[in-house]
>>> print(open('protein.tsv').read())   # TSV, C-alpha atoms
chain	number	residue	atom	x	y	z
N	6	MET	CA	-25.18	21.88	-17.90
N	7	ALA	CA	-22.76	18.95	-17.45
N	8	PHE	CA	-24.25	15.94	-15.67
N	9	LEU	CA	-21.05	14.68	-14.00
N	10	ALA	CA	-19.47	16.63	-11.15
N	11	ASP	CA	-16.45	18.84	-11.78
N	12	THR	CA	-14.67	16.96	-8.97
N	13	LEU	CA	-14.19	13.99	-11.28
N	14	GLU	CA	-11.98	16.12	-13.51
N	15	ARG	CA	-9.46	16.21	-10.65
N	16	VAL	CA	-8.99	12.43	-10.45
N	17	LYS	CA	-8.26	9.48	-12.72
N	18	PRO	CA	-8.99	5.73	-12.52
N	19	SER	CA	-6.50	3.59	-10.60
N	20	PRO	CA	-3.65	2.63	-13.00
N	21	THR	CA	-2.89	-0.58	-11.09
N	22	ILE	CA	-6.48	-1.76	-11.45
N	23	ALA	CA	-6.42	-0.74	-15.12
N	24	VAL	CA	-3.32	-2.86	-15.80
N	25	THR	CA	-4.81	-5.84	-14.00
N	26	ASP	CA	-8.08	-5.51	-15.93
N	27	LYS	CA	-6.20	-5.27	-19.23
N	28	ALA	CA	-4.19	-8.39	-18.43
N	29	ARG	CA	-7.40	-10.27	-17.57
N	30	ALA	CA	-9.02	-9.15	-20.84
N	31	LEU	CA	-6.02	-10.28	-22.90
N	32	LYS	CA	-6.00	-13.66	-21.13
N	33	ALA	CA	-9.71	-14.04	-21.82
N	34	ALA	CA	-8.98	-13.34	-25.49
N	35	GLY	CA	-6.47	-16.18	-25.56
N	36	ARG	CA	-3.19	-14.29	-25.11
N	37	ASP	CA	-0.43	-15.80	-22.99
N	38	VAL	CA	-0.16	-13.02	-20.42
N	39	ILE	CA	1.63	-12.95	-17.06
N	40	GLY	CA	0.04	-10.24	-14.91
N	41	LEU	CA	2.36	-8.66	-12.36
N	42	GLY	CA	0.23	-5.60	-11.67
N	43	ALA	CA	-1.94	-6.61	-8.73
N	44	GLY	CA	-0.80	-6.15	-5.13
N	45	GLU	CA	-2.43	-9.34	-3.91
N	46	PRO	CA	-0.86	-12.38	-2.21
N	47	ASP	CA	-1.30	-15.58	-4.18
N	48	PHE	CA	-1.62	-17.56	-0.93
N	49	ASP	CA	-5.10	-18.58	0.18
N	50	THR	CA	-6.75	-17.17	3.30
N	51	PRO	CA	-5.70	-19.40	6.25
N	52	ALA	CA	-8.21	-22.15	7.11
N	53	ASN	CA	-8.87	-20.97	10.68
N	54	ILE	CA	-9.97	-17.57	9.37
N	55	LYS	CA	-12.30	-19.17	6.83
N	56	GLU	CA	-13.79	-21.37	9.55
N	57	ALA	CA	-14.42	-18.31	11.75
N	58	ALA	CA	-16.37	-16.76	8.88
N	59	ILE	CA	-18.38	-19.95	8.32
N	60	LYS	CA	-19.17	-20.13	12.03
N	61	ALA	CA	-20.33	-16.50	11.99
N	62	ILE	CA	-22.72	-17.33	9.16
N	63	ARG	CA	-24.03	-20.41	10.97
N	64	ASP	CA	-24.45	-18.39	14.16
N	65	GLY	CA	-26.58	-15.85	12.33
N	66	LYS	CA	-24.12	-12.97	12.61
N	67	THR	CA	-25.42	-11.59	9.34
N	68	LYS	CA	-27.14	-8.40	10.48
N	69	TYR	CA	-26.09	-4.76	10.52
N	70	THR	CA	-23.32	-4.04	13.02
N	71	ASN	CA	-21.99	-0.91	14.67
N	72	VAL	CA	-21.13	1.56	11.92
N	73	ASP	CA	-17.37	1.45	12.40
N	74	GLY	CA	-16.84	-2.05	13.74
N	75	ILE	CA	-18.15	-4.66	16.15
N	76	PRO	CA	-16.85	-4.34	19.73
N	77	GLU	CA	-15.09	-7.71	19.45
N	78	LEU	CA	-13.06	-6.55	16.43
N	79	LYS	CA	-12.22	-3.20	18.00
N	80	ALA	CA	-10.98	-5.09	21.06
N	81	ALA	CA	-8.87	-7.38	18.84
N	82	VAL	CA	-7.41	-4.35	17.05
N	83	ALA	CA	-6.59	-2.72	20.40
N	84	ARG	CA	-4.81	-5.90	21.50
N	85	LYS	CA	-2.87	-5.99	18.24
N	86	PHE	CA	-1.71	-2.37	18.58
N	87	LYS	CA	-0.60	-2.95	22.17
N	88	ARG	CA	1.05	-6.32	21.51
N	89	GLU	CA	2.89	-5.48	18.31
N	90	ASN	CA	3.36	-1.71	18.35
N	91	GLY	CA	3.30	-0.67	22.00
N	92	LEU	CA	0.36	1.65	21.23
N	93	HIS	CA	-2.58	1.93	23.61
N	94	TYR	CA	-5.98	2.69	22.07
N	95	LYS	CA	-9.43	2.48	23.62
N	96	PRO	CA	-12.27	1.09	21.47
N	97	SER	CA	-13.50	4.68	21.02
N	98	GLN	CA	-10.15	5.43	19.35
N	99	ILE	CA	-10.48	2.68	16.75
N	100	SER	CA	-12.24	2.76	13.39
N	101	VAL	CA	-12.95	-0.26	11.19
N	102	GLY	CA	-13.68	0.33	7.52
N	103	THR	CA	-14.28	-1.52	4.27
N	104	GLY	CA	-10.57	-1.96	3.60
N	105	GLY	CA	-7.72	0.32	4.52
N	106	LYS	CA	-8.68	2.52	1.59
N	107	GLN	CA	-11.91	3.61	3.28
N	108	VAL	CA	-10.12	4.39	6.54
N	109	LEU	CA	-7.67	6.64	4.68
N	110	TYR	CA	-10.41	8.29	2.64
N	111	ASN	CA	-12.59	8.92	5.70
N	112	ALA	CA	-9.68	10.56	7.51
N	113	LEU	CA	-8.90	12.88	4.61
N	114	VAL	CA	-12.52	13.83	3.85
N	115	THR	CA	-13.27	14.65	7.48
N	116	THR	CA	-10.19	16.86	7.96
N	117	LEU	CA	-9.32	18.61	4.72
N	118	ASN	CA	-10.63	22.00	3.66
N	119	PRO	CA	-10.03	23.51	0.21
N	120	GLY	CA	-6.36	24.38	-0.15
N	121	ASP	CA	-5.10	22.23	2.73
N	122	GLU	CA	-1.90	20.45	1.76
N	123	VAL	CA	-0.91	16.82	2.23
N	124	ILE	CA	2.74	15.84	1.89
N	125	ILE	CA	3.17	12.54	0.02
N	126	PRO	CA	6.65	11.06	-0.56
N	127	ALA	CA	7.05	9.88	-4.16
N	128	PRO	CA	6.97	7.19	-5.43
N	129	TYR	CA	3.59	6.78	-3.75
N	130	TRP	CA	0.61	4.46	-3.81
N	131	VAL	CA	-1.51	5.62	-6.74
N	132	SER	CA	-4.61	6.40	-4.66
N	133	TYR	CA	-3.10	8.88	-2.18
N	134	PRO	CA	-3.07	12.01	-4.40
N	135	ASP	CA	-6.50	11.32	-5.85
N	136	MET	CA	-8.02	10.80	-2.42
N	137	VAL	CA	-6.58	14.14	-1.35
N	138	LEU	CA	-8.00	15.82	-4.45
N	139	LEU	CA	-11.44	14.29	-3.88
N	140	ALA	CA	-11.30	15.64	-0.33
N	141	THR	CA	-10.64	19.17	-1.75
N	142	GLY	CA	-7.03	19.15	-0.56
N	143	GLU	CA	-3.79	19.66	-2.47
N	144	PRO	CA	-1.31	16.77	-2.72
N	145	VAL	CA	2.32	17.86	-2.36
N	146	ALA	CA	4.59	15.19	-3.81
N	147	VAL	CA	8.13	15.15	-2.43
N	148	GLU	CA	10.56	13.20	-4.60
N	149	THR	CA	12.74	10.53	-3.01
N	150	ARG	CA	15.82	9.01	-4.61
N	151	MET	CA	16.83	5.44	-5.39
N	152	GLU	CA	20.23	6.09	-3.78
N	153	ASP	CA	18.42	6.99	-0.52
N	154	GLY	CA	16.44	3.76	-0.66
N	155	PHE	CA	13.37	5.71	-1.84
N	156	LYS	CA	13.00	7.12	1.69
N	157	LEU	CA	12.04	10.69	2.56
N	158	ARG	CA	14.91	12.70	3.98
N	159	PRO	CA	14.23	15.00	6.98
N	160	GLU	CA	15.58	18.07	5.18
N	161	ALA	CA	13.20	17.44	2.25
N	162	LEU	CA	10.32	17.11	4.70
N	163	GLU	CA	11.26	20.38	6.38
N	164	ARG	CA	11.30	22.19	3.02
N	165	ALA	CA	7.87	20.80	2.06
N	166	ILE	CA	6.04	21.93	5.21
N	167	THR	CA	4.05	25.16	4.92
N	168	SER	CA	1.38	26.88	6.98
N	169	LYS	CA	-1.19	25.02	4.83
N	170	THR	CA	0.17	21.54	5.55
N	171	LYS	CA	-2.47	19.40	7.28
N	172	TRP	CA	-1.08	15.86	6.91
N	173	ILE	CA	1.93	13.85	5.89
N	174	ILE	CA	1.30	10.31	4.63
N	175	LEU	CA	4.03	7.81	5.50
N	176	ASN	CA	3.83	4.30	4.05
N	177	SER	CA	6.34	1.74	5.33
N	178	PRO	CA	7.01	-0.76	3.92
N	179	SER	CA	6.09	1.08	0.78
N	180	ASN	CA	3.85	0.39	-2.13
N	181	PRO	CA	5.34	0.65	-4.80
N	182	THR	CA	9.05	0.52	-3.84
N	183	GLY	CA	9.16	-1.85	-0.87
N	184	ALA	CA	11.20	0.78	0.99
N	185	ALA	CA	11.04	0.34	4.76
N	186	TYR	CA	11.91	3.01	7.32
N	187	THR	CA	14.17	1.97	10.19
N	188	ARG	CA	13.60	3.33	13.68
N	189	ALA	CA	16.45	5.79	13.04
N	190	ASP	CA	14.87	6.87	9.73
N	191	LEU	CA	11.55	7.54	11.46
N	192	LYS	CA	13.20	9.28	14.41
N	193	ALA	CA	14.84	11.76	12.03
N	194	LEU	CA	11.46	12.52	10.43
N	195	THR	CA	9.53	12.70	13.69
N	196	GLU	CA	12.04	15.19	15.09
N	197	VAL	CA	11.03	17.50	12.24
N	198	LEU	CA	7.32	16.87	12.80
N	199	VAL	CA	7.52	17.60	16.52
N	200	MET	CA	8.59	21.12	15.54
N	201	HIS	CA	5.44	21.61	13.44
N	202	PRO	CA	2.44	20.92	15.71
N	203	HIS	CA	-0.11	21.74	13.00
N	204	VAL	CA	0.98	18.75	10.87
N	205	TRP	CA	-0.76	15.41	11.45
N	206	VAL	CA	0.71	12.01	10.57
N	207	LEU	CA	-1.17	9.39	8.58
N	208	SER	CA	0.84	6.19	8.90
N	209	ASP	CA	-0.13	3.49	6.42
N	210	ASP	CA	1.25	0.27	7.94
N	211	MET	CA	-0.58	-2.16	5.66
N	212	TYR	CA	2.61	-4.12	4.84
N	213	GLU	CA	3.89	-4.16	8.44
N	214	HIS	CA	4.55	-7.90	8.64
N	215	LEU	CA	5.99	-8.28	5.14
N	216	VAL	CA	9.62	-7.47	5.97
N	217	TYR	CA	12.84	-9.35	5.25
N	218	ASP	CA	16.51	-9.65	6.23
N	219	ASP	CA	15.81	-9.24	9.98
N	220	PHE	CA	14.25	-5.81	9.46
N	221	GLU	CA	12.51	-4.49	12.59
N	222	PHE	CA	9.25	-2.67	11.90
N	223	THR	CA	8.31	0.46	13.83
N	224	THR	CA	5.57	3.05	13.37
N	225	PRO	CA	5.77	6.85	13.94
N	226	ALA	CA	3.60	7.11	17.08
N	227	GLN	CA	5.66	4.30	18.60
N	228	VAL	CA	8.98	6.00	17.80
N	229	GLU	CA	7.83	9.45	18.98
N	230	PRO	CA	5.08	9.35	21.64
N	231	GLU	CA	4.73	13.13	21.35
N	232	LEU	CA	3.04	12.53	17.99
N	233	TYR	CA	0.48	10.06	19.37
N	234	ALA	CA	-2.24	12.73	19.74
N	235	ARG	CA	-1.98	13.75	16.07
N	236	THR	CA	-1.35	10.42	14.36
N	237	LEU	CA	-3.74	8.03	12.63
N	238	THR	CA	-2.11	4.59	12.50
N	239	MET	CA	-3.80	2.61	9.72
N	240	ASN	CA	-3.52	-1.10	9.00
N	241	GLY	CA	-5.64	-4.01	7.81
N	242	VAL	CA	-5.88	-7.72	7.19
N	243	SER	CA	-5.60	-7.68	3.39
N	244	LYS	CA	-1.91	-8.38	2.78
N	245	THR	CA	-0.59	-10.20	5.85
N	246	TYR	CA	-3.60	-12.47	6.21
N	247	CYS	CA	-4.27	-12.93	2.48
N	248	MET	CA	-7.74	-11.39	2.86
N	249	THR	CA	-7.81	-8.81	0.06
N	250	GLY	CA	-11.37	-9.64	-0.96
N	251	TRP	CA	-12.70	-9.60	2.60
N	252	ARG	CA	-12.28	-5.80	2.72
N	253	ILE	CA	-11.36	-4.99	6.31
N	254	GLY	CA	-9.07	-2.13	7.31
N	255	TYR	CA	-8.69	-0.36	10.62
N	256	GLY	CA	-7.08	2.67	12.22
N	257	GLY	CA	-6.23	3.97	15.66
N	258	GLY	CA	-6.18	7.67	16.48
N	259	PRO	CA	-7.56	10.53	18.58
N	260	GLU	CA	-11.22	10.21	19.56
N	261	PRO	CA	-12.45	13.40	17.82
N	262	LEU	CA	-11.02	12.19	14.50
N	263	ILE	CA	-12.36	8.64	14.93
N	264	SER	CA	-15.80	10.01	15.84
N	265	ALA	CA	-15.83	12.23	12.75
N	266	MET	CA	-14.84	9.29	10.57
N	267	ALA	CA	-17.69	7.24	12.03
N	268	THR	CA	-20.15	10.02	11.22
N	269	LEU	CA	-19.00	10.09	7.61
N	270	GLN	CA	-19.10	6.30	7.32
N	271	SER	CA	-22.64	6.24	8.75
N	272	GLN	CA	-23.81	8.31	5.78
N	273	ALA	CA	-21.63	6.59	3.19
N	274	THR	CA	-21.39	2.81	3.53
N	275	SER	CA	-22.42	2.05	7.12
N	276	ASN	CA	-20.74	-1.02	8.58
N	277	PRO	CA	-18.19	-3.27	6.87
N	278	CYS	CA	-19.37	-6.82	6.10
N	279	SER	CA	-20.34	-8.52	9.36
N	280	ILE	CA	-18.88	-11.90	8.30
N	281	SER	CA	-15.56	-10.31	7.32
N	282	GLN	CA	-15.37	-8.60	10.70
N	283	TRP	CA	-15.66	-11.90	12.58
N	284	ALA	CA	-13.04	-13.41	10.26
N	285	ALA	CA	-10.75	-10.45	11.05
N	286	VAL	CA	-11.12	-11.10	14.79
N	287	GLU	CA	-9.75	-14.59	14.24
N	288	ALA	CA	-7.00	-13.26	11.96
N	289	LEU	CA	-5.71	-10.85	14.60
N	290	ASP	CA	-6.19	-13.12	17.63
N	291	GLY	CA	-5.46	-16.51	16.03
N	292	PRO	CA	-2.23	-18.29	15.06
N	293	GLN	CA	0.38	-16.13	13.35
N	294	ASP	CA	2.83	-18.91	12.52
N	295	PHE	CA	2.06	-18.87	8.78
N	296	ILE	CA	3.46	-15.32	8.41
N	297	PRO	CA	7.17	-16.29	8.52
N	298	ARG	CA	6.44	-19.20	6.16
N	299	HIS	CA	4.87	-16.85	3.64
N	300	ASN	CA	7.67	-14.32	4.11
N	301	LYS	CA	10.29	-16.98	3.36
N	302	VAL	CA	8.65	-17.56	-0.02
N	303	PHE	CA	8.29	-13.82	-0.69
N	304	LYS	CA	11.97	-13.26	0.16
N	305	GLU	CA	13.03	-16.01	-2.24
N	306	ARG	CA	10.88	-14.46	-4.96
N	307	ARG	CA	12.26	-11.00	-4.25
N	308	ASP	CA	15.83	-12.26	-4.57
N	309	LEU	CA	15.01	-14.09	-7.80
N	310	VAL	CA	13.33	-11.08	-9.40
N	311	VAL	CA	16.03	-8.61	-8.34
N	312	ALA	CA	18.81	-10.85	-9.66
N	313	MET	CA	17.12	-11.54	-12.99
N	314	LEU	CA	16.03	-7.94	-13.63
N	315	ASN	CA	19.54	-6.65	-12.98
N	316	GLN	CA	20.69	-8.93	-15.81
N	317	ALA	CA	18.33	-7.18	-18.23
N	318	LYS	CA	19.93	-4.50	-20.42
N	319	GLY	CA	18.98	-0.97	-19.37
N	320	ILE	CA	17.32	-2.06	-16.09
N	321	ALA	CA	18.55	-1.23	-12.56
N	322	CYS	CA	16.63	-2.91	-9.74
N	323	PRO	CA	17.33	-2.12	-6.06
N	324	LYS	CA	16.59	-4.75	-3.41
N	325	PRO	CA	13.63	-3.70	-1.20
N	326	GLN	CA	13.32	-4.57	2.49
N	327	GLY	CA	9.57	-5.08	2.63
N	328	ALA	CA	6.17	-5.48	0.93
N	329	PHE	CA	6.08	-7.61	-2.24
N	330	TYR	CA	7.08	-5.14	-4.92
N	331	VAL	CA	10.23	-4.17	-6.78
N	332	TYR	CA	10.57	-0.78	-8.44
N	333	PRO	CA	13.29	-0.98	-11.10
N	334	SER	CA	14.46	1.93	-13.21
N	335	CYS	CA	14.06	1.47	-16.96
N	336	GLY	CA	15.98	4.66	-17.69
N	337	GLY	CA	18.54	2.73	-19.70
N	338	THR	CA	15.89	1.72	-22.23
N	339	ILE	CA	14.49	5.18	-22.94
N	340	GLY	CA	15.23	6.36	-26.47
N	341	LYS	CA	15.64	2.86	-27.86
N	342	LEU	CA	13.49	1.18	-30.51
N	343	ALA	CA	11.10	-1.61	-29.53
N	344	PRO	CA	10.61	-4.64	-31.83
N	345	SER	CA	7.45	-2.95	-33.15
N	346	GLY	CA	9.52	-0.02	-34.37
N	347	LYS	CA	8.15	2.27	-31.65
N	348	ARG	CA	10.73	4.48	-29.95
N	349	LEU	CA	10.48	4.33	-26.15
N	350	GLU	CA	10.02	7.89	-24.95
N	351	THR	CA	8.49	7.19	-21.52
N	352	ASP	CA	8.08	4.38	-19.01
N	353	GLU	CA	4.48	4.10	-20.20
N	354	ASP	CA	5.85	3.29	-23.66
N	355	PHE	CA	8.09	0.68	-22.04
N	356	VAL	CA	5.25	-1.14	-20.24
N	357	THR	CA	2.92	-0.92	-23.27
N	358	GLU	CA	5.50	-2.39	-25.63
N	359	LEU	CA	6.50	-5.03	-23.08
N	360	LEU	CA	2.89	-6.19	-22.82
N	361	ASP	CA	2.41	-6.23	-26.58
N	362	ALA	CA	5.71	-7.95	-27.37
N	363	GLU	CA	6.09	-10.39	-24.50
N	364	GLY	CA	2.75	-10.58	-22.69
N	365	VAL	CA	4.08	-9.28	-19.36
N	366	ALA	CA	1.84	-6.76	-17.55
N	367	VAL	CA	3.56	-4.32	-15.18
N	368	VAL	CA	2.68	-0.78	-14.05
N	369	GLN	CA	4.56	2.32	-15.22
N	370	GLY	CA	6.41	4.35	-12.61
N	371	THR	CA	4.79	7.64	-13.59
N	372	ALA	CA	1.53	6.23	-12.15
N	373	PHE	CA	3.30	6.31	-8.79
N	374	GLY	CA	4.71	9.79	-9.30
N	375	SER	CA	8.28	8.86	-10.24
N	376	GLY	CA	9.87	7.51	-13.39
N	377	PRO	CA	11.17	6.25	-15.70
N	378	ALA	CA	10.51	3.05	-13.77
N	379	PHE	CA	7.98	0.28	-13.38
N	380	ARG	CA	6.48	-1.74	-10.55
N	381	ILE	CA	6.38	-5.50	-10.38
N	382	SER	CA	4.37	-7.38	-7.78
N	383	TYR	CA	6.13	-10.63	-6.91
N	384	ALA	CA	3.10	-11.92	-5.00
N	385	THR	CA	2.53	-14.53	-7.67
N	386	ARG	CA	3.72	-18.04	-8.56
N	387	THR	CA	7.50	-18.39	-8.62
N	388	GLU	CA	7.36	-20.17	-11.99
N	389	ASP	CA	5.43	-17.26	-13.50
N	390	LEU	CA	7.87	-14.74	-12.05
N	391	GLU	CA	10.85	-16.57	-13.50
N	392	GLU	CA	9.23	-16.76	-16.93
N	393	ALA	CA	8.19	-13.09	-16.78
N	394	CYS	CA	11.75	-12.04	-15.94
N	395	ARG	CA	13.09	-14.11	-18.85
N	396	ARG	CA	10.65	-12.30	-21.14
N	397	ILE	CA	11.71	-8.90	-19.77
N	398	GLN	CA	15.36	-9.84	-20.37
N	399	ARG	CA	14.49	-10.85	-23.95
N	400	PHE	CA	12.49	-7.68	-24.56
N	401	CYS	CA	15.31	-5.47	-23.30
N	402	GLY	CA	17.87	-7.47	-25.30
N	403	ASN	CA	15.86	-6.88	-28.49
N	404	LEU	CA	15.78	-3.10	-28.08
N	405	LYS	CA	17.91	-1.18	-30.58
>>> encode(input="protein.tsv", output="structure tokens")
Amino acid sequence: MAFLADTLERVKPSPTIAVTDKARALKAAGRDVIGLGAGEPDFDTPANIKEAAIKAIRDGKTKYTNVDGIPELKAAVARKFKRENGLHYKPSQISVGTGGKQVLYNALVTTLNPGDEVIIPAPYWVSYPDMVLLATGEPVAVETRMEDGFKLRPEALERAITSKTKWIILNSPSNPTGAAYTRADLKALTEVLVMHPHVWVLSDDMYEHLVYDDFEFTTPAQVEPELYARTLTMNGVSKTYCMTGWRIGYGGGPEPLISAMATLQSQATSNPCSISQWAAVEALDGPQDFIPRHNKVFKERRDLVVAMLNQAKGIACPKPQGAFYVYPSCGGTIGKLAPSGKRLETDEDFVTELLDAEGVAVVQGTAFGSGPAFRISYATRTEDLEEACRRIQRFCGNLK
């Protein structure tokens, strides 16, 4: 009898974490490696947030808390949703988890039965399909196109919906493409969803504030109030507030769903870190003036990376409107010979040879459900980005 559960055969380790770990290992071994795999701002957590955490420690706020969030944080989340999204949630409609990942996972595990389908536009964040599989559901990837800005079209959504569809996951701005849905884009999709009352909406808004070029962010339940009663709006403090390691995510949704998620969390992890929760209160309620300053830097990096990658032979890199990723096609390099003599058959070959030849770590597009492409995170030092792009240009120029 096998010791490990059969469920594990349905999932694989996170490719983005694997690339980051490999880059760290090569650096530790003395290689000159520039890692562009991690989706993590290089800015430090703002000082006022750190001070709130230190104060919480000094005040002895180090005990167990309510399973799915302290009342003060739920109140801060409710204020955020009302202030920024025009969404009204009571504390009983809000769940706080150990990162946005737990909020998503809790929602899927508490709602999916074997065979239930979840529509996921591709390219997608690597964890969505595996979470669905772990929750006994079936991920249904729906391909998007570069020429459509990597955004799901309403007619493609309509075709994907079946009687077994339980959820659609919408992520805007997107990891990995940076694609951001306008109000009109979302309205076209929500008009389809209104016609299918059995389909729930899981809106992953983690990159909400990381938008450029005067883009105006909106979220599905805000665009179509009719969907409010069957939407989970998920967000967190990781990206905007540079708090990836603090592990706080949150969601707003219907009370029965939030209650079920709390039940699951009570038997899984219990409460998120008490200190991180108090820091998150300050993040949401405190000064927000650093966000445009960070975004100015991110925009400059985006423009640099897009310009330099489009000068590389065989690479086509669209300009995203949000997040801190670019998702260039490497289709023009497939079939060519790398300096090692290896013929590039896939985007995985491309990223492997790039790392070996030039010491640049990126993630292959097939990990996100769509290739041949690769993802670069430009949430790193501008000097490193410029050098990495020069190396990519050199690598592509040396292909035969």
>>> closest_residue(input="protein.tsv", among="N:Ala33, N:Leu109, N:Met6, N:Ala226", to="Gly91 of chain N", atoms="only C-alpha atoms")
N:Ala226
>>> closest_atom_pairs(input="protein.tsv", of="segment 31-132 of chain N", to="segment 146-160 of chain N", cutoff="7 Å", atoms="only C-alpha atoms", output="tab-separated table")
residue	atom	partner	partner_atom	distance
N:Ile124	CA	N:Ala146	CA	6.0
N:Ile125	CA	N:Ala146	CA	4.9
N:Pro126	CA	N:Val147	CA	4.7
N:Ala127	CA	N:Glu148	CA	4.9
>>> closest_residue(input="protein.tsv", among="N:Ile397, N:Val368, N:Val114, N:Leu360", to="Met313 of chain N", atoms="only C-alpha atoms")
N:Ile397
>>> atom_distance(input="protein.tsv", atom1="atom CA of Pro178 of chain N", atom2="atom CA of Tyr212 of chain N")
5.6 Å
>>> closest_residue(input="protein.tsv", among="N:Ala28, N:Val331, N:Val310, N:Leu162", to="Gly183 of chain N", atoms="only C-alpha atoms")
N:Val331
>>> closest_residue(input="protein.tsv", among="N:Ser97, N:Ser345, N:Gln282, N:Asn90", to="Thr357 of chain N", atoms="only C-alpha atoms")
N:Ser345
>>> atom_distance(input="protein.tsv", atom1="atom CA of Ala7 of chain N", atom2="atom CA of Pro144 of chain N")
26.1 Å
>>> atom_distance(input="protein.tsv", atom1="atom CA of Ala384 of chain N", atom2="atom CA of Lys301 of chain N")
12.1 Å
>>> closest_residue(input="protein.tsv", among="N:Trp172, N:Trp283, N:Tyr133, N:Trp251", to="His203 of chain N", atoms="all atoms listed in the file")
N:Trp172
>>> residues_around(input="protein.tsv", residues="Asp308 of chain N", least_positions_apart="3", cutoff="12 Å", atoms="only C-alpha atoms", output="list in words")
Tyr217, Asp218, Lys301, Val302, Phe303, Lys304, Glu305, Val311, Ala312, Met313, Leu314, Asn315, Cys322, Pro323, Lys324, Pro325, Gln326, Gly327, Phe329, Tyr330, Val331, Tyr383, Thr387, Leu390 and Glu391 of chain N
>>> closest_residue(input="protein.tsv", among="N:Ala328, N:Leu232, N:Ala343, N:Ala372", to="Glu213 of chain N", atoms="only C-alpha atoms")
N:Ala328
>>> residues_around(input="protein.tsv", residues="Glu260 of chain N", least_positions_apart="2", cutoff="9 Å", atoms="only C-alpha atoms", output="ChimeraX atom specification")
/N:95,97-99,257-258,262-265
>>> write_last_selection(input="protein.tsv", atoms="C-alpha atoms", output="tab-separated table (two decimals), keeping the file's coordinate frame")
chain	number	residue	atom	x	y	z
N	95	LYS	CA	-9.43	2.48	23.62
N	97	SER	CA	-13.50	4.68	21.02
N	98	GLN	CA	-10.15	5.43	19.35
N	99	ILE	CA	-10.48	2.68	16.75
N	257	GLY	CA	-6.23	3.97	15.66
N	258	GLY	CA	-6.18	7.67	16.48
N	262	LEU	CA	-11.02	12.19	14.50
N	263	ILE	CA	-12.36	8.64	14.93
N	264	SER	CA	-15.80	10.01	15.84
N	265	ALA	CA	-15.83	12.23	12.75
>>> residues_near_point(input="protein.tsv", point="(-6.8, -17.7, -1.9)", cutoff="12 Å", atoms="only C-alpha atoms", output="list in words")
Glu45, Pro46, Asp47, Phe48, Asp49, Thr50, Pro51, Ala52, Ile54, Lys55, Ser243, Lys244, Tyr246, Cys247, Met248, Thr249, Gly250, Trp251, Ala384 and Thr385 of chain N
>>> residues_near_point(input="protein.tsv", point="(19.2, -3.1, -22.6)", cutoff="9 Å", atoms="all atoms listed in the file", output="JSON, numbers by chain")
{"N": [317, 318, 319, 320, 335, 337, 338, 341, 398, 400, 401, 402, 403, 404, 405]}
>>> residues_around(input="protein.tsv", residues="Pro134 of chain N", least_positions_apart="5", cutoff="10 Å", atoms="only C-alpha atoms", output="PyMOL selection string")
chain N and resi 15-16+123-125+129+139-140+142-146+373-374
>>> decode(input="protein.tsv", residues="segment 236-247 of chain N", atoms="N, CA and C atoms", output="PDB file, in the first residue's frame")
ATOM      1  N   THR N 236     -20.293  36.362  -5.344  1.00  0.00           N
ATOM      2  CA  THR N 236     -18.908  36.747  -5.636  1.00  0.00           C
ATOM      3  C   THR N 236     -18.093  36.752  -4.348  1.00  0.00           C
ATOM      4  N   LEU N 237     -16.886  36.174  -4.430  1.00  0.00           N
ATOM      5  CA  LEU N 237     -15.888  36.333  -3.380  1.00  0.00           C
ATOM      6  C   LEU N 237     -14.828  37.274  -3.931  1.00  0.00           C
ATOM      7  N   THR N 238     -14.690  38.435  -3.310  1.00  0.00           N
ATOM      8  CA  THR N 238     -13.690  39.419  -3.728  1.00  0.00           C
ATOM      9  C   THR N 238     -12.488  39.280  -2.819  1.00  0.00           C
ATOM     10  N   MET N 239     -11.374  38.799  -3.368  1.00  0.00           N
ATOM     11  CA  MET N 239     -10.181  38.484  -2.579  1.00  0.00           C
ATOM     12  C   MET N 239      -9.091  39.517  -2.832  1.00  0.00           C
ATOM     13  N   ASN N 240      -8.352  39.842  -1.777  1.00  0.00           N
ATOM     14  CA  ASN N 240      -7.263  40.799  -1.876  1.00  0.00           C
ATOM     15  C   ASN N 240      -6.277  40.502  -0.750  1.00  0.00           C
ATOM     16  N   GLY N 241      -5.315  41.374  -0.543  1.00  0.00           N
ATOM     17  CA  GLY N 241      -4.344  41.157   0.517  1.00  0.00           C
ATOM     18  C   GLY N 241      -3.362  42.301   0.593  1.00  0.00           C
ATOM     19  N   VAL N 242      -2.426  42.199   1.513  1.00  0.00           N
ATOM     20  CA  VAL N 242      -1.463  43.279   1.723  1.00  0.00           C
ATOM     21  C   VAL N 242      -0.088  42.968   1.134  1.00  0.00           C
ATOM     22  N   SER N 243       0.066  41.800   0.525  1.00  0.00           N
ATOM     23  CA  SER N 243       1.391  41.335   0.107  1.00  0.00           C
ATOM     24  C   SER N 243       2.072  42.254  -0.894  1.00  0.00           C
ATOM     25  N   LYS N 244       1.397  42.566  -1.990  1.00  0.00           N
ATOM     26  CA  LYS N 244       2.049  43.256  -3.105  1.00  0.00           C
ATOM     27  C   LYS N 244       2.049  44.770  -2.919  1.00  0.00           C
ATOM     28  N   THR N 245       0.880  45.351  -2.700  1.00  0.00           N
ATOM     29  CA  THR N 245       0.780  46.804  -2.576  1.00  0.00           C
ATOM     30  C   THR N 245       1.606  47.334  -1.419  1.00  0.00           C
ATOM     31  N   TYR N 246       1.546  46.636  -0.285  1.00  0.00           N
ATOM     32  CA  TYR N 246       2.175  47.133   0.938  1.00  0.00           C
ATOM     33  C   TYR N 246       3.532  46.485   1.211  1.00  0.00           C
ATOM     34  N   CYS N 247       4.031  45.726   0.229  1.00  0.00           N
ATOM     35  CA  CYS N 247       5.363  45.113   0.348  1.00  0.00           C
ATOM     36  C   CYS N 247       5.451  44.261   1.614  1.00  0.00           C
TER      37      CYS N 247
END
